[in-house]
$ cat entry-v6.tsv   # TSV, C-alpha atoms and all ligand atoms
chain	number	residue	atom	x	y	z
A	1473	MET	CA	5.75	-21.78	-16.32
A	1474	LYS	CA	5.64	-20.92	-12.64
A	1475	ILE	CA	4.63	-17.32	-11.90
A	1476	THR	CA	4.73	-15.71	-8.46
A	1477	ALA	CA	2.81	-12.58	-7.48
A	1478	ARG	CA	2.35	-10.65	-4.25
A	1479	ALA	CA	-0.62	-8.51	-3.19
A	1480	HIS	CA	-1.40	-6.64	0.02
A	1481	THR	CA	-4.62	-6.44	2.01
A	1482	ASN	CA	-6.61	-3.22	2.14
A	1483	ILE	CA	-8.85	-1.49	4.63
A	1484	ALA	CA	-11.93	0.34	3.37
A	1485	LEU	CA	-12.47	3.96	4.44
A	1486	ILE	CA	-15.78	3.99	2.60
A	1487	LYS	CA	-17.20	0.49	2.73
A	1488	TYR	CA	-18.42	-1.87	0.08
A	1489	TRP	CA	-21.59	-3.25	1.63
A	1490	GLY	CA	-24.16	-4.90	-0.59
A	1491	LYS	CA	-24.26	-6.32	-4.11
A	1492	ARG	CA	-26.65	-5.33	-6.89
A	1493	ASN	CA	-25.72	-8.51	-8.77
A	1494	GLU	CA	-24.58	-11.57	-6.79
A	1495	GLN	CA	-23.30	-13.59	-9.76
A	1496	LEU	CA	-21.19	-10.80	-11.22
A	1497	PHE	CA	-20.05	-9.39	-7.85
A	1498	LEU	CA	-21.36	-5.95	-8.71
A	1499	PRO	CA	-21.55	-3.62	-5.71
A	1500	MET	CA	-24.36	-1.26	-4.81
A	1501	ASN	CA	-21.90	1.57	-4.15
A	1502	ASN	CA	-18.35	2.76	-4.83
A	1503	SER	CA	-15.82	2.15	-2.06
A	1504	ILE	CA	-12.46	3.71	-1.14
A	1505	SER	CA	-9.60	1.94	0.63
A	1506	ILE	CA	-5.98	2.12	1.71
A	1507	THR	CA	-3.71	-0.77	0.74
A	1508	LEU	CA	-1.64	-1.86	3.77
A	1509	ASP	CA	2.12	-2.44	3.71
A	1510	GLN	CA	2.43	-5.15	6.39
A	1511	PHE	CA	-0.12	-7.79	5.42
A	1512	TYR	CA	0.22	-9.61	2.12
A	1513	THR	CA	-0.13	-12.90	0.28
A	1514	THR	CA	2.50	-14.36	-2.02
A	1515	THR	CA	1.17	-16.90	-4.52
A	1516	SER	CA	2.83	-19.09	-7.16
A	1517	VAL	CA	0.79	-20.73	-9.90
A	1518	THR	CA	1.90	-23.42	-12.35
A	1519	PHE	CA	-0.52	-24.89	-14.91
A	1520	ARG	CA	0.38	-28.51	-15.79
A	1521	ASP	CA	-1.12	-30.95	-18.27
A	1522	ASP	CA	-0.41	-33.99	-16.04
A	1523	LEU	CA	-2.79	-32.93	-13.23
A	1524	LYS	CA	-6.28	-34.35	-12.68
A	1525	ALA	CA	-7.39	-31.51	-10.38
A	1526	ASP	CA	-6.12	-28.23	-8.94
A	1527	SER	CA	-3.89	-28.55	-5.91
A	1528	PHE	CA	-3.94	-25.70	-3.38
A	1529	ILE	CA	-1.18	-25.43	-0.79
A	1530	LEU	CA	-1.61	-22.73	1.87
A	1531	ASN	CA	1.27	-21.91	4.21
A	1532	GLY	CA	2.87	-25.28	3.34
A	1533	SER	CA	-0.21	-27.49	3.90
A	1534	GLU	CA	-2.32	-29.12	1.19
A	1535	MET	CA	-5.87	-27.73	1.54
A	1536	GLY	CA	-9.03	-29.85	1.45
A	1537	GLY	CA	-12.15	-29.74	-0.69
A	1538	GLN	CA	-13.89	-26.59	0.51
A	1539	GLU	CA	-10.88	-24.27	0.29
A	1540	THR	CA	-9.69	-25.77	-3.01
A	1541	ASP	CA	-13.17	-25.57	-4.60
A	1542	LYS	CA	-13.31	-21.81	-4.12
A	1543	ILE	CA	-9.88	-21.42	-5.76
A	1544	SER	CA	-10.81	-23.82	-8.57
A	1545	GLY	CA	-14.02	-21.95	-9.29
A	1546	PHE	CA	-12.00	-18.76	-9.64
A	1547	LEU	CA	-9.38	-20.45	-11.86
A	1548	ASP	CA	-12.20	-21.76	-14.09
A	1549	LEU	CA	-12.94	-18.16	-15.04
A	1550	ILE	CA	-9.31	-17.65	-16.02
A	1551	ARG	CA	-9.18	-20.98	-17.91
A	1552	GLU	CA	-12.29	-19.94	-19.80
A	1553	LYS	CA	-10.78	-16.56	-20.77
A	1554	ALA	CA	-7.58	-18.26	-21.95
A	1555	ARG	CA	-9.45	-21.17	-23.60
A	1556	ARG	CA	-7.21	-23.62	-21.79
A	1557	ASN	CA	-8.12	-26.53	-19.55
A	1558	GLU	CA	-5.01	-27.54	-17.60
A	1559	TYR	CA	-5.21	-27.76	-13.82
A	1560	ALA	CA	-2.77	-25.90	-11.61
A	1561	VAL	CA	-0.65	-26.11	-8.51
A	1562	ILE	CA	-1.30	-23.02	-6.37
A	1563	ASP	CA	1.21	-22.41	-3.62
A	1564	SER	CA	0.25	-19.55	-1.32
A	1565	ILE	CA	1.91	-18.01	1.72
A	1566	ASN	CA	-0.23	-15.69	3.78
A	1567	ASN	CA	1.57	-12.98	5.63
A	1568	VAL	CA	-1.73	-11.98	7.19
A	1569	PRO	CA	-2.65	-13.17	10.68
A	1570	THR	CA	-5.72	-15.07	9.38
A	1571	ALA	CA	-6.29	-17.00	12.57
A	1572	ALA	CA	-6.47	-13.66	14.34
A	1573	GLY	CA	-9.45	-12.62	12.29
A	1574	PHE	CA	-7.89	-10.47	9.60
A	1575	ALA	CA	-9.35	-10.93	6.15
A	1576	SER	CA	-6.84	-12.39	3.73
A	1577	SER	CA	-9.33	-12.83	0.91
A	1578	ALA	CA	-8.48	-9.45	-0.66
A	1579	SER	CA	-4.72	-10.03	-0.84
A	1580	GLY	CA	-5.28	-13.72	-1.63
A	1581	PHE	CA	-7.47	-13.25	-4.68
A	1582	ALA	CA	-5.52	-10.25	-5.99
A	1583	ALA	CA	-2.26	-12.26	-5.86
A	1584	LEU	CA	-3.95	-15.34	-7.36
A	1585	ALA	CA	-5.47	-13.31	-10.22
A	1586	ALA	CA	-2.09	-11.75	-11.06
A	1587	ALA	CA	-0.13	-15.02	-10.88
A	1588	ALA	CA	-2.72	-17.22	-12.64
A	1589	THR	CA	-3.50	-14.90	-15.56
A	1590	LYS	CA	0.18	-14.50	-16.35
A	1591	ALA	CA	0.95	-18.21	-15.85
A	1592	ILE	CA	-1.77	-19.14	-18.34
A	1593	GLY	CA	-0.48	-16.66	-20.89
A	1594	LEU	CA	-3.00	-13.80	-20.60
A	1595	ASN	CA	-1.52	-10.32	-20.84
A	1596	TYR	CA	-3.71	-8.43	-18.35
A	1597	SER	CA	-3.65	-4.72	-17.50
A	1598	GLY	CA	-4.26	-3.44	-13.96
A	1599	ALA	CA	-7.90	-2.75	-14.84
A	1600	ASP	CA	-8.29	-6.29	-16.24
A	1601	LEU	CA	-6.78	-7.78	-13.07
A	1602	SER	CA	-9.00	-5.65	-10.87
A	1603	ARG	CA	-12.09	-6.69	-12.84
A	1604	ILE	CA	-11.35	-10.40	-12.50
A	1605	SER	CA	-10.19	-10.28	-8.83
A	1606	ARG	CA	-13.69	-9.06	-7.97
A	1607	PHE	CA	-15.01	-12.58	-8.61
A	1608	GLY	CA	-12.86	-14.01	-5.81
A	1609	SER	CA	-13.81	-11.38	-3.26
A	1610	GLY	CA	-15.17	-7.92	-4.03
A	1611	SER	CA	-12.59	-6.09	-1.93
A	1612	ALA	CA	-9.76	-7.92	-3.77
A	1613	CYS	CA	-10.27	-5.66	-6.79
A	1614	ARG	CA	-8.91	-2.74	-4.71
A	1615	SER	CA	-5.74	-4.64	-3.72
A	1616	ILE	CA	-4.40	-4.52	-7.29
A	1617	TYR	CA	-3.31	-0.94	-6.61
A	1618	GLY	CA	-1.23	0.62	-3.86
A	1619	GLY	CA	-2.00	3.68	-1.76
A	1620	PHE	CA	-5.53	5.14	-1.82
A	1621	VAL	CA	-7.86	3.30	-4.18
A	1622	GLU	CA	-11.46	3.67	-5.36
A	1623	TRP	CA	-13.59	0.83	-6.69
A	1624	ASN	CA	-16.04	2.25	-9.24
A	1625	LYS	CA	-19.23	0.29	-9.05
A	1626	GLY	CA	-19.85	0.82	-12.76
A	1627	VAL	CA	-23.18	1.20	-14.50
A	1628	ARG	CA	-23.13	-1.54	-17.15
A	1629	ALA	CA	-25.19	-4.66	-16.56
A	1630	ASP	CA	-22.31	-6.93	-17.64
A	1631	GLY	CA	-19.94	-5.46	-15.03
A	1632	THR	CA	-17.16	-4.57	-17.48
A	1633	ASP	CA	-16.88	-1.06	-16.00
A	1634	SER	CA	-16.74	-2.24	-12.37
A	1635	PHE	CA	-13.08	-2.11	-11.30
A	1636	ALA	CA	-10.72	-0.14	-9.08
A	1637	GLU	CA	-8.45	2.82	-9.80
A	1638	GLN	CA	-5.71	4.46	-7.81
A	1639	ILE	CA	-6.42	7.90	-6.32
A	1640	ILE	CA	-2.89	8.61	-5.01
A	1641	ASP	CA	-0.01	6.20	-4.51
A	1642	GLU	CA	1.42	5.00	-1.21
A	1643	SER	CA	4.24	7.57	-1.19
A	1644	GLU	CA	1.90	10.54	-1.48
A	1645	TRP	CA	0.31	10.50	1.97
A	1646	ASP	CA	1.68	8.62	4.93
A	1647	LEU	CA	-0.82	7.62	7.60
A	1648	SER	CA	-0.61	5.12	10.43
A	1649	ILE	CA	-3.18	2.34	10.43
A	1650	LEU	CA	-3.20	0.32	13.64
A	1651	SER	CA	-4.83	-3.09	13.47
A	1652	VAL	CA	-6.17	-3.64	16.94
A	1653	MET	CA	-6.86	-7.32	17.58
A	1654	VAL	CA	-9.37	-8.09	20.28
A	1655	GLU	CA	-10.50	-11.29	21.95
A	1656	SER	CA	-13.00	-13.08	19.72
A	1657	LYS	CA	-14.50	-16.30	18.43
A	1658	PRO	CA	-14.98	-17.19	14.73
A	1659	LYS	CA	-17.69	-14.98	13.23
A	1660	LYS	CA	-21.16	-16.39	12.70
A	1661	VAL	CA	-22.26	-14.30	9.73
A	1662	LEU	CA	-19.87	-14.23	6.73
A	1663	SER	CA	-19.65	-10.89	4.92
A	1664	ARG	CA	-21.31	-12.31	1.81
A	1665	GLU	CA	-24.34	-13.51	3.78
A	1666	GLY	CA	-24.37	-10.35	5.92
A	1667	MET	CA	-24.51	-8.13	2.84
A	1668	GLN	CA	-27.28	-10.20	1.32
A	1669	ARG	CA	-29.44	-10.06	4.43
A	1670	THR	CA	-28.84	-6.34	4.86
A	1671	VAL	CA	-29.75	-5.44	1.27
A	1672	LYS	CA	-32.90	-7.57	1.43
A	1673	THR	CA	-34.20	-6.69	4.87
A	1674	SER	CA	-32.52	-3.73	6.56
A	1675	ALA	CA	-34.74	-0.84	7.54
A	1676	PHE	CA	-31.64	1.39	7.22
A	1677	TYR	CA	-30.16	0.25	3.91
A	1678	SER	CA	-31.87	3.05	1.98
A	1679	GLY	CA	-30.21	5.56	4.32
A	1680	TRP	CA	-26.84	3.96	3.58
A	1681	LEU	CA	-27.34	4.36	-0.18
A	1682	GLU	CA	-28.75	7.89	0.08
A	1683	THR	CA	-25.73	9.22	1.94
A	1684	ILE	CA	-22.93	7.29	0.21
A	1685	ASP	CA	-22.24	9.83	-2.56
A	1686	ALA	CA	-21.71	12.62	-0.03
A	1687	ASP	CA	-19.30	10.37	1.93
A	1688	LEU	CA	-17.40	9.48	-1.24
A	1689	ASN	CA	-17.08	13.13	-2.31
A	1690	PHE	CA	-15.93	14.18	1.12
A	1691	THR	CA	-13.34	11.39	1.18
A	1692	ARG	CA	-11.97	12.20	-2.28
A	1693	GLU	CA	-11.66	15.86	-1.25
A	1694	ALA	CA	-9.96	14.98	2.05
A	1695	ILE	CA	-7.44	12.80	0.18
A	1696	GLN	CA	-6.67	15.48	-2.40
A	1697	GLU	CA	-6.35	18.13	0.34
A	1698	ARG	CA	-4.46	15.74	2.69
A	1699	ASP	CA	-6.96	16.88	5.32
A	1700	PHE	CA	-6.71	14.27	8.05
A	1701	GLU	CA	-9.51	15.52	10.29
A	1702	LYS	CA	-11.90	15.60	7.36
A	1703	LEU	CA	-10.88	12.08	6.32
A	1704	GLY	CA	-11.12	10.68	9.84
A	1705	THR	CA	-14.52	12.19	10.49
A	1706	VAL	CA	-16.08	10.73	7.38
A	1707	LEU	CA	-14.45	7.28	7.60
A	1708	GLU	CA	-15.61	6.73	11.18
A	1709	HIS	CA	-19.12	7.91	10.34
A	1710	ASN	CA	-19.24	5.64	7.30
A	1711	ALA	CA	-18.16	2.57	9.28
A	1712	LEU	CA	-20.80	3.23	11.94
A	1713	LYS	CA	-23.47	3.62	9.29
A	1714	MET	CA	-22.51	0.28	7.74
A	1715	HIS	CA	-22.82	-1.41	11.13
A	1716	ALA	CA	-26.13	0.35	11.71
A	1717	THR	CA	-27.55	-1.28	8.57
A	1718	MET	CA	-26.84	-4.67	10.18
A	1719	LEU	CA	-28.69	-3.69	13.34
A	1720	GLY	CA	-31.66	-2.78	11.16
A	1721	ALA	CA	-31.63	-6.13	9.30
A	1722	ASN	CA	-34.10	-8.94	9.98
A	1723	PRO	CA	-32.93	-10.97	11.81
A	1724	PRO	CA	-30.50	-8.34	13.10
A	1725	PHE	CA	-26.82	-9.14	13.56
A	1726	PHE	CA	-23.65	-7.38	14.61
A	1727	TYR	CA	-19.93	-8.13	14.81
A	1728	TRP	CA	-18.91	-6.10	17.85
A	1729	THR	CA	-17.83	-7.57	21.15
A	1730	GLY	CA	-17.31	-5.79	24.45
A	1731	SER	CA	-13.65	-5.37	23.50
A	1732	THR	CA	-14.62	-3.72	20.21
A	1733	LEU	CA	-16.52	-1.11	22.24
A	1734	ASP	CA	-13.56	-0.68	24.62
A	1735	VAL	CA	-11.39	0.26	21.63
A	1736	MET	CA	-14.03	2.61	20.20
A	1737	HIS	CA	-14.35	4.38	23.55
A	1738	LYS	CA	-10.59	4.72	23.86
A	1739	VAL	CA	-10.36	6.33	20.43
A	1740	GLN	CA	-13.04	8.85	21.41
A	1741	GLU	CA	-11.17	9.56	24.66
A	1742	LEU	CA	-7.97	10.17	22.69
A	1743	ARG	CA	-9.81	12.69	20.53
A	1744	ASP	CA	-11.21	14.41	23.61
A	1745	SER	CA	-7.62	14.80	24.80
A	1746	GLY	CA	-6.63	16.44	21.52
A	1747	ILE	CA	-5.12	13.47	19.64
A	1748	GLN	CA	-6.59	12.90	16.21
A	1749	ALA	CA	-7.42	9.21	15.90
A	1750	TYR	CA	-10.41	7.59	14.20
A	1751	PHE	CA	-11.66	4.02	13.96
A	1752	THR	CA	-13.13	1.80	11.32
A	1753	ILE	CA	-14.44	-1.77	11.63
A	1754	ASP	CA	-15.15	-4.41	8.95
A	1755	ALA	CA	-17.32	-7.52	9.21
A	1756	GLY	CA	-15.63	-8.68	12.41
A	1757	PRO	CA	-14.79	-7.54	15.95
A	1758	ASN	CA	-11.29	-6.12	15.29
A	1759	VAL	CA	-10.78	-2.40	14.97
A	1760	LYS	CA	-8.49	-0.39	12.73
A	1761	VAL	CA	-7.41	2.89	14.25
A	1762	ILE	CA	-6.11	5.54	11.86
A	1763	CYS	CA	-3.90	8.40	12.97
A	1764	GLN	CA	-1.06	10.57	11.72
A	1765	PRO	CA	2.48	9.15	11.98
A	1766	GLU	CA	3.47	11.70	14.67
A	1767	ASP	CA	0.74	10.31	16.96
A	1768	GLU	CA	1.41	6.64	16.18
A	1769	ARG	CA	3.37	5.88	19.35
A	1770	ILE	CA	0.92	7.35	21.80
A	1771	VAL	CA	-2.08	5.81	20.02
A	1772	LYS	CA	-0.40	2.40	19.97
A	1773	GLU	CA	0.42	2.61	23.68
A	1774	SER	CA	-3.15	3.61	24.52
A	1775	MET	CA	-4.47	0.59	22.61
A	1776	GLN	CA	-2.04	-1.78	24.30
A	1777	GLN	CA	-3.23	-0.56	27.69
A	1778	ILE	CA	-6.77	-1.84	27.04
A	1779	GLN	CA	-7.09	-5.14	28.87
A	1780	SER	CA	-9.12	-6.94	26.25
A	1781	VAL	CA	-6.71	-6.03	23.42
A	1782	ARG	CA	-4.53	-8.95	22.39
A	1783	ASP	CA	-2.22	-7.36	19.88
A	1784	VAL	CA	-1.63	-4.19	17.88
A	1785	PHE	CA	-0.04	-4.27	14.41
A	1786	VAL	CA	1.07	-1.01	12.82
A	1787	CYS	CA	0.67	-0.54	9.06
A	1788	HIS	CA	1.21	2.29	6.59
A	1789	PRO	CA	-0.04	2.69	3.02
A	1790	GLY	CA	1.49	-0.10	0.94
A	1791	PRO	CA	2.06	-1.07	-2.70
A	1792	GLY	CA	-0.11	-2.70	-5.32
A	1793	VAL	CA	0.33	-6.13	-6.83
A	1794	SER	CA	3.79	-7.10	-8.09
A	1795	TYR	CA	5.53	-10.08	-9.64
A	1796	ILE	CA	8.33	-11.70	-7.67
A	1797	GLY	CA	11.55	-13.08	-9.12
A	1798	GLU	CA	11.56	-11.11	-12.34
B	1	LIG	O1	-14.77	-8.46	-0.22
B	1	LIG	P1	-15.60	-9.09	0.81
B	1	LIG	O2	-16.67	-9.93	0.22
B	1	LIG	O3	-14.78	-9.81	1.83
B	1	LIG	O4	-16.39	-7.94	1.61
B	1	LIG	C1	-15.74	-6.90	2.28
B	1	LIG	C2	-16.71	-6.15	3.14
B	1	LIG	C3	-16.10	-5.17	4.10
B	1	LIG	O5	-14.82	-5.57	4.50
B	1	LIG	C4	-16.99	-5.11	5.33
B	1	LIG	C5	-16.04	-3.76	3.53
B	1	LIG	C6	-14.97	-3.47	2.51
B	1	LIG	O6	-15.22	-2.61	1.67
B	1	LIG	O7	-13.87	-4.05	2.58
$ encode --input "entry-v6.tsv" --output "structure tokens"
Amino acid sequence: MKITARAHTNIALIKYWGKRNEQLFLPMNNSISITLDQFYTTTSVTFRDDLKADSFILNGSEMGGQETDKISGFLDLIREKARRNEYAVIDSINNVPTAAGFASSASGFAALAAAATKAIGLNYSGADLSRISRFGSGSACRSIYGGFVEWNKGVRADGTDSFAEQIIDESEWDLSILSVMVESKPKKVLSREGMQRTVKTSAFYSGWLETIDADLNFTREAIQERDFEKLGTVLEHNALKMHATMLGANPPFFYWTGSTLDVMHKVQELRDSGIQAYFTIDAGPNVKVICQPEDERIVKESMQQIQSVRDVFVCHPGPGVSYIGE
């Protein structure tokens, strides 16, 4: 049976940065994100007994070994749970500007987990889907849910209590999230490797862990109170602290370019002029600027005026994973 699922990307307000267990994808700390309405992946999965290997088609093109191996490794986990051994055809359409440096791994693995588990006959809850998506990409476990989502790191050694939960849904607080795309080259340090190096060597990683609970509490409160200034202040601080851990690693590394700094400066200028806007940055040079819907137009225009900015995409909180064609 062919099953199709759709999942949206998410942007972390409080970052997941560092694993305590590499094999089980167990994070050092909880993280909190917003699922985005504009960027998503739609994936169909069909298990067939006449196939000799998995076949992965992305945006209409058959993918080669490296890409397919990662998907196959993930499907092996699902085959093991279902005690089945058929290979699958995986047909994925990414509505995420991947080439532009936006991570599609979160939406990709959340959609794949939902489609594949159902196609193989497993009856998975949201928590089950979140738990298994983690093995594709940690941040994927947050994309199972819409709106504001927290990934609980869990305390058990086997990882069974490490999955995401919704804080409030996408209709409960509307914010504008502007994805500001800057000029860049492909990144040199992948997030997986960056996390590893940071945990092992950064002079500042202990500071990250010591202050994370306060950031998480502050963020949960700001969400419950719908206090935008409080939320913005803590999310920007948290992103800067994550990037500071990279600067303290050995060898040090960082993802910012001159254009990244141009955007950061512009956001600070906007705040100086009385407009509430805050930035966050993941493991790449692009910046997400968060503001309230009433300021969206002026913030977007200010970003477009920066010479080194290539494009600005506007998102709002979006939905969790869903099945298509049912
Ligand atoms: O899920 P991964 O392995 O792509 O790592 C995501 C890391 C950050 O984007 C930097 C932070 C986060 O919480 O999304």
$ closest_atom_pairs --input "entry-v6.tsv" --of "chain A" --to "ligand LIG 1 (chain B)" --cutoff "10 Å" --atoms "all atoms listed in the file" --output "CSV"
residue,atom,partner,partner_atom,distance
A:Thr1481,CA,B:LIG1,O7,9.6
A:Asn1482,CA,B:LIG1,O7,7.3
A:Ile1483,CA,B:LIG1,O7,6.0
A:Ala1484,CA,B:LIG1,O6,4.7
A:Leu1485,CA,B:LIG1,O6,7.6
A:Ile1486,CA,B:LIG1,O6,6.7
A:Lys1487,CA,B:LIG1,O6,3.8
A:Tyr1488,CA,B:LIG1,O6,3.6
A:Trp1489,CA,B:LIG1,C2,5.9
A:Gly1490,CA,B:LIG1,C2,8.4
A:Lys1491,CA,B:LIG1,O2,9.5
A:Phe1497,CA,B:LIG1,O2,8.8
A:Pro1499,CA,B:LIG1,O6,9.8
A:Asn1501,CA,B:LIG1,O6,9.8
A:Asn1502,CA,B:LIG1,O6,9.0
A:Ser1503,CA,B:LIG1,O6,6.1
A:Ile1504,CA,B:LIG1,O6,7.4
A:Ser1505,CA,B:LIG1,O6,7.3
A:Phe1574,CA,B:LIG1,O5,9.9
A:Ala1575,CA,B:LIG1,O3,7.0
A:Ser1576,CA,B:LIG1,O3,8.6
A:Ser1577,CA,B:LIG1,O3,6.3
A:Ala1578,CA,B:LIG1,O1,6.4
A:Phe1581,CA,B:LIG1,O1,9.8
A:Ser1605,CA,B:LIG1,O1,9.9
A:Arg1606,CA,B:LIG1,O1,7.8
A:Phe1607,CA,B:LIG1,O1,9.4
A:Gly1608,CA,B:LIG1,O1,8.1
A:Ser1609,CA,B:LIG1,O1,4.3
A:Gly1610,CA,B:LIG1,O1,3.9
A:Ser1611,CA,B:LIG1,O1,3.6
A:Ala1612,CA,B:LIG1,O1,6.2
A:Cys1613,CA,B:LIG1,O1,8.4
A:Arg1614,CA,B:LIG1,O7,8.9
A:Trp1623,CA,B:LIG1,O6,9.2
A:Leu1662,CA,B:LIG1,O3,8.3
A:Ser1663,CA,B:LIG1,O4,5.5
A:Arg1664,CA,B:LIG1,O2,5.5
A:Glu1665,CA,B:LIG1,O2,9.2
A:Gly1666,CA,B:LIG1,C4,9.1
A:Met1667,CA,B:LIG1,C2,8.1
A:Ala1711,CA,B:LIG1,C4,8.7
A:Met1714,CA,B:LIG1,C4,8.1
A:His1715,CA,B:LIG1,C4,9.0
A:Thr1752,CA,B:LIG1,C4,9.9
A:Ile1753,CA,B:LIG1,C4,7.6
A:Asp1754,CA,B:LIG1,C4,4.1
A:Ala1755,CA,B:LIG1,C4,4.6
A:Gly1756,CA,B:LIG1,C4,8.0
$ atom_distance --input "entry-v6.tsv" --atom1 "atom CA of A:His1709" --atom2 "atom CA of A:Thr1670"
18.1 Å
$ closest_residue --input "entry-v6.tsv" --among "A:Ile1640, A:Val1568, A:Val1517, A:Ala1525" --to "A:Gly1792" --atoms "all atoms listed in the file"
A:Ile1640
$ atom_distance --input "entry-v6.tsv" --atom1 "atom CA of A:Lys1553" --atom2 "atom CA of A:Ala1582"
16.9 Å
$ closest_atom_pairs --input "entry-v6.tsv" --of "stretch 1678-1744 of chain A" --to "stretch 1759-1783 of chain A" --cutoff "9 Å" --atoms "all atoms listed in the file" --output "JSON lines"
{"residue": "A:Phe1700", "atom": "CA", "partner": "A:Gln1764", "partner_atom": "CA", "distance": 7.7}
{"residue": "A:Gly1704", "atom": "CA", "partner": "A:Ile1762", "partner_atom": "CA", "distance": 7.5}
{"residue": "A:Gly1730", "atom": "CA", "partner": "A:Ser1780", "partner_atom": "CA", "distance": 8.5}
{"residue": "A:Ser1731", "atom": "CA", "partner": "A:Ser1780", "partner_atom": "CA", "distance": 5.5}
{"residue": "A:Thr1732", "atom": "CA", "partner": "A:Val1759", "partner_atom": "CA", "distance": 6.6}
{"residue": "A:Asp1734", "atom": "CA", "partner": "A:Ile1778", "partner_atom": "CA", "distance": 7.3}
{"residue": "A:Val1735", "atom": "CA", "partner": "A:Met1775", "partner_atom": "CA", "distance": 7.0}
{"residue": "A:Met1736", "atom": "CA", "partner": "A:Val1759", "partner_atom": "CA", "distance": 7.9}
{"residue": "A:Lys1738", "atom": "CA", "partner": "A:Met1775", "partner_atom": "CA", "distance": 7.5}
{"residue": "A:Val1739", "atom": "CA", "partner": "A:Val1761", "partner_atom": "CA", "distance": 7.7}
{"residue": "A:Leu1742", "atom": "CA", "partner": "A:Val1771", "partner_atom": "CA", "distance": 7.8}
$ residues_around --input "entry-v6.tsv" --residues "A:Phe1785" --least-positions-apart "3" --cutoff "9 Å" --atoms "all atoms listed in the file" --output "list in words"
Gln1510, Ile1649, Leu1650, Ser1651, Val1652, Met1653 and Lys1772 of chain A
$ closest_residue --input "entry-v6.tsv" --among "A:Asp1541, A:Asp1685, A:Glu1655, A:Asp1563" --to "A:Phe1519" --atoms "all atoms listed in the file"
A:Asp1563
$ closest_residue --input "entry-v6.tsv" --among "A:Ile1562, A:Ala1585, A:Met1718, A:Cys1787" --to "A:Ile1506" --atoms "only C-alpha atoms"
A:Cys1787
$ closest_residue --input "entry-v6.tsv" --among "A:Tyr1750, A:Trp1728, A:Phe1635, A:Phe1511" --to "A:Asp1600" --atoms "all atoms listed in the file"
A:Phe1635
$ closest_residue --input "entry-v6.tsv" --among "A:Leu1498, A:Pro1723, A:Ile1747, A:Thr1514" --to "A:Thr1632" --atoms "all atoms listed in the file"
A:Leu1498
$ closest_residue --input "entry-v6.tsv" --among "A:Lys1542, A:Lys1474, A:Lys1672, A:Lys1660" --to "A:Arg1520" --atoms "all atoms listed in the file"
A:Lys1474
$ residues_near_point --input "entry-v6.tsv" --point "(-10.3, -3.0, -13.1)" --cutoff "7 Å" --atoms "only C-alpha atoms" --output "list in words"
Gly1598, Ala1599, Asp1600, Leu1601, Ser1602, Arg1603, Cys1613, Ser1634, Phe1635, Ala1636 and Glu1637 of chain A
